[in-house]
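start_38.pdb (PDB, C-alpha atoms) appears below.
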ATOM      1  CA  MET A   1      62.285 124.884  88.941  1.00  0.00           C
ATOM      2  CA  THR A   2      61.873 124.112  85.256  1.00  0.00           C
ATOM      3  CA  ASP A   3      58.727 125.277  83.532  1.00  0.00           C
ATOM      4  CA  LEU A   4      57.467 123.694  80.325  1.00  0.00           C
ATOM      5  CA  ILE A   5      55.510 125.458  77.605  1.00  0.00           C
ATOM      6  CA  ARG A   6      52.321 123.835  76.373  1.00  0.00           C
ATOM      7  CA  LYS A   7      52.120 123.214  72.647  1.00  0.00           C
ATOM      8  CA  GLY A   8      49.481 124.724  70.387  1.00  0.00           C
ATOM      9  CA  LYS A   9      47.902 126.836  73.121  1.00  0.00           C
ATOM     10  CA  GLY A  10      46.749 123.591  74.784  1.00  0.00           C
ATOM     11  CA  LYS A  11      44.901 122.170  71.778  1.00  0.00           C
ATOM     12  CA  PRO A  12      46.863 118.872  71.786  1.00  0.00           C
ATOM     13  CA  LEU A  13      45.909 118.439  75.459  1.00  0.00           C
ATOM     14  CA  ARG A  14      42.242 119.165  74.768  1.00  0.00           C
ATOM     15  CA  ASP A  15      42.317 116.757  71.802  1.00  0.00           C
ATOM     16  CA  ALA A  16      43.818 114.005  73.998  1.00  0.00           C
ATOM     17  CA  MET A  17      41.129 114.620  76.615  1.00  0.00           C
ATOM     18  CA  ALA A  18      38.433 114.369  73.945  1.00  0.00           C
ATOM     19  CA  ARG A  19      39.919 111.115  72.571  1.00  0.00           C
ATOM     20  CA  ARG A  20      39.763 109.633  76.071  1.00  0.00           C
ATOM     21  CA  GLY A  21      36.408 111.173  76.928  1.00  0.00           C
ATOM     22  CA  VAL A  22      37.635 112.870  80.125  1.00  0.00           C
ATOM     23  CA  THR A  23      36.652 116.205  81.584  1.00  0.00           C
ATOM     24  CA  GLN A  24      39.060 118.562  83.316  1.00  0.00           C
ATOM     25  CA  ALA A  25      37.834 117.317  86.707  1.00  0.00           C
ATOM     26  CA  GLU A  26      38.307 113.691  85.666  1.00  0.00           C
ATOM     27  CA  LEU A  27      41.812 114.471  84.394  1.00  0.00           C
ATOM     28  CA  ALA A  28      42.664 116.031  87.756  1.00  0.00           C
ATOM     29  CA  ALA A  29      41.453 112.853  89.483  1.00  0.00           C
ATOM     30  CA  ARG A  30      43.559 110.725  87.130  1.00  0.00           C
ATOM     31  CA  THR A  31      46.663 112.759  88.034  1.00  0.00           C
ATOM     32  CA  ARG A  32      46.132 111.805  91.683  1.00  0.00           C
ATOM     33  CA  ALA A  33      45.983 108.146  90.675  1.00  0.00           C
ATOM     34  CA  VAL A  34      49.355 108.294  88.865  1.00  0.00           C
ATOM     35  CA  ASP A  35      51.092 110.472  91.474  1.00  0.00           C
ATOM     36  CA  VAL A  36      53.220 108.455  93.893  1.00  0.00           C
ATOM     37  CA  ARG A  37      52.557 111.176  96.482  1.00  0.00           C
ATOM     38  CA  GLY A  38      48.815 110.897  95.868  1.00  0.00           C
ATOM     39  CA  GLN A  39      48.481 114.668  95.462  1.00  0.00           C
ATOM     40  CA  GLY A  40      48.045 115.019  91.721  1.00  0.00           C
ATOM     41  CA  VAL A  41      47.128 118.295  90.069  1.00  0.00           C
ATOM     42  CA  SER A  42      44.244 120.460  91.231  1.00  0.00           C
ATOM     43  CA  VAL A  43      41.216 120.970  89.015  1.00  0.00           C
ATOM     44  CA  ALA A  44      42.057 124.695  88.892  1.00  0.00           C
ATOM     45  CA  THR A  45      45.541 123.968  87.551  1.00  0.00           C
ATOM     46  CA  VAL A  46      44.222 121.474  84.994  1.00  0.00           C
ATOM     47  CA  ILE A  47      41.773 124.147  83.820  1.00  0.00           C
ATOM     48  CA  LYS A  48      44.616 126.669  83.436  1.00  0.00           C
ATOM     49  CA  VAL A  49      46.872 124.250  81.565  1.00  0.00           C
ATOM     50  CA  THR A  50      44.217 122.771  79.267  1.00  0.00           C
ATOM     51  CA  GLY A  51      42.087 125.872  78.890  1.00  0.00           C
ATOM     52  CA  ARG A  52      42.074 128.717  76.434  1.00  0.00           C
ATOM     53  CA  GLY A  53      41.699 132.453  76.609  1.00  0.00           C
ATOM     54  CA  LYS A  54      42.948 134.952  79.164  1.00  0.00           C
ATOM     55  CA  THR A  55      42.852 132.573  82.128  1.00  0.00           C
ATOM     56  CA  ALA A  56      44.918 129.872  80.405  1.00  0.00           C
ATOM     57  CA  ALA A  57      48.543 129.355  81.418  1.00  0.00           C
ATOM     58  CA  GLU A  58      51.111 128.852  78.661  1.00  0.00           C
ATOM     59  CA  LYS A  59      53.682 127.487  81.136  1.00  0.00           C
ATOM     60  CA  CYS A  60      53.520 124.953  83.914  1.00  0.00           C
ATOM     61  CA  ARG A  61      55.947 123.115  86.136  1.00  0.00           C
ATOM     62  CA  LEU A  62      57.639 119.978  84.856  1.00  0.00           C
ATOM     63  CA  ARG A  63      55.931 117.885  87.540  1.00  0.00           C
ATOM     64  CA  THR A  64      52.493 119.223  86.553  1.00  0.00           C
ATOM     65  CA  ALA A  65      53.133 118.525  82.864  1.00  0.00           C
ATOM     66  CA  TRP A  66      54.435 115.031  83.625  1.00  0.00           C
ATOM     67  CA  LEU A  67      51.417 114.138  85.770  1.00  0.00           C
ATOM     68  CA  ILE A  68      48.960 115.409  83.145  1.00  0.00           C
ATOM     69  CA  ALA A  69      50.700 113.596  80.268  1.00  0.00           C
ATOM     70  CA  THR A  70      50.975 110.397  82.311  1.00  0.00           C
ATOM     71  CA  ALA A  71      47.303 110.587  83.309  1.00  0.00           C
ATOM     72  CA  LEU A  72      46.462 110.895  79.601  1.00  0.00           C
ATOM     73  CA  ALA A  73      48.823 107.975  78.803  1.00  0.00           C
ATOM     74  CA  GLU A  74      50.591 110.102  76.202  1.00  0.00           C
ATOM     75  CA  PRO A  75      54.217 111.185  75.758  1.00  0.00           C
ATOM     76  CA  LEU A  76      55.125 114.416  77.524  1.00  0.00           C
ATOM     77  CA  GLN A  77      56.779 115.809  74.389  1.00  0.00           C
ATOM     78  CA  ASP A  78      53.501 115.533  72.447  1.00  0.00           C
ATOM     79  CA  HIS A  79      52.018 118.251  74.637  1.00  0.00           C
ATOM     80  CA  PHE A  80      54.860 120.335  76.074  1.00  0.00           C
ATOM     81  CA  ASP A  81      58.107 121.980  74.942  1.00  0.00           C
ATOM     82  CA  MET A  82      61.143 122.942  76.960  1.00  0.00           C
ATOM     83  CA  PRO A  83      61.822 126.690  77.081  1.00  0.00           C
ATOM     84  CA  SER A  84      64.440 127.767  74.548  1.00  0.00           C
ATOM     85  CA  VAL A  85      66.519 129.644  77.129  1.00  0.00           C
ATOM     86  CA  SER A  86      66.977 128.583  80.719  1.00  0.00           C
ATOM     87  CA  THR A  87      66.037 131.199  83.280  1.00  0.00           C
ATOM     88  CA  ASP A  88      67.379 129.098  86.143  1.00  0.00           C
ATOM     89  CA  THR A  89      70.590 130.782  87.303  1.00  0.00           C
ATOM     90  CA  VAL A  90      70.910 129.263  90.774  1.00  0.00           C
ATOM     91  CA  GLU A  91      73.509 126.525  91.195  1.00  0.00           C
ATOM     92  CA  ARG A  92      71.741 123.571  92.788  1.00  0.00           C
ATOM     93  CA  CYS A  93      74.683 121.231  93.371  1.00  0.00           C
ATOM     94  CA  ASN A  94      77.571 121.434  95.761  1.00  0.00           C
ATOM     95  CA  PRO A  95      81.160 120.970  94.528  1.00  0.00           C
ATOM     96  CA  HIS A  96      80.918 117.235  95.208  1.00  0.00           C
ATOM     97  CA  GLY A  97      77.957 116.756  92.892  1.00  0.00           C
ATOM     98  CA  ASP A  98      75.312 116.105  95.533  1.00  0.00           C
ATOM     99  CA  SER A  99      71.955 117.734  94.989  1.00  0.00           C
ATOM    100  CA  ASP A 100      70.882 120.596  97.170  1.00  0.00           C
ATOM    101  CA  PRO A 101      68.359 119.124  99.649  1.00  0.00           C
ATOM    102  CA  ARG A 102      65.957 122.054  99.278  1.00  0.00           C
TER     103      ARG A 102
END
Please lay out the structure from this file as structure tokens.
Amino acid sequence: MTDLIRKGKGKPLRDAMARRGVTQAELAARTRAVDVRGQGVSVATVIKVTGRGKTAAEKCRLRTAWLIATALAEPLQDHFDMPSVSTDTVERCNPHGDSDPR
């Protein structure tokens, strides 16, 4: 699964939250509202992705990043970068081009 790297140690995310006047808990609730599955992102994960210090996470899954950016109504690329080198070495398609159902 592709992981994205948050920009500026999460400062752009925190700035976007401040502009919209939302807390980490409110952002988590907003991710549930934009998620077609209705799951969203947990408050704990939002805290890791938007936080700072030792408990902050510099990387997160593409789905997590997309839900957070969408909940903030901001472009994904304003807050996250793709890793420079892919670490995904598993072939996920069969010879006929169909995706692996995993």
Quiz item: Using the chain letters and numbers from the file, which residues does the PyMOL selection byres ((chain A and resi 16-22) around 10) grab, as a count of residues only?
Solution: 20
Quiz item: Could you name the residues that touch Lys48 of chain A at 10 Å or less, counting all atoms listed in the file, but leaving out those on the same chain fewer than 6 positions away, as a list of chain:residue names?
Solution: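 The contact residues come out as A:Gly10, A:Gln24, A:Ser42, A:Lys54, A:Thr55, A:Ala56, A:Ala57, A:Glu58, A:Lys59, A:Cys60.
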Put a box with edges along x, y and z around all the listed atoms of segment 17-25 of chain A, pad it by 8 Å on each side, then give me its centre and sizes in Å, one decimal, as lines of an AutoDock Vina configuration file.
center_x = 38.8
center_y = 114.1
center_z = 79.6
size_x = 20.7
size_y = 24.9
size_z = 30.1
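Coordinates place atom CA of Ile5 of chain A at a distance of 5.1 Å from atom CA of Asp81 of chain A.
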Quiz item: What is the distance, in Å and to one decimal place, between atom CA of Asp3 of chain A and atom CA of Ala29 of chain A?
Solution: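 Taking atom CA of Asp3 of chain A and atom CA of Ala29 of chain A, their separation equals 22.1 Å.
When all atoms listed in the file are used to measure the gap to Pro83 of chain A, the shortest distance among A:Leu62, A:Ala33, A:Leu4, A:Val49 belongs to A:Leu4.
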Quiz item: What is the atom CA of Ser84 of chain A-atom CA of Ala44 of chain A distance in Å, reported with one decimal?
Solution: 26.8 Å
Quiz prompt | Selection result for the PyMOL selection byres ((chain A and resi 35) around 10) on this file, as a PyMOL selection string | solution = chain A and resi 30-34+36-41+63+66-68+70-71
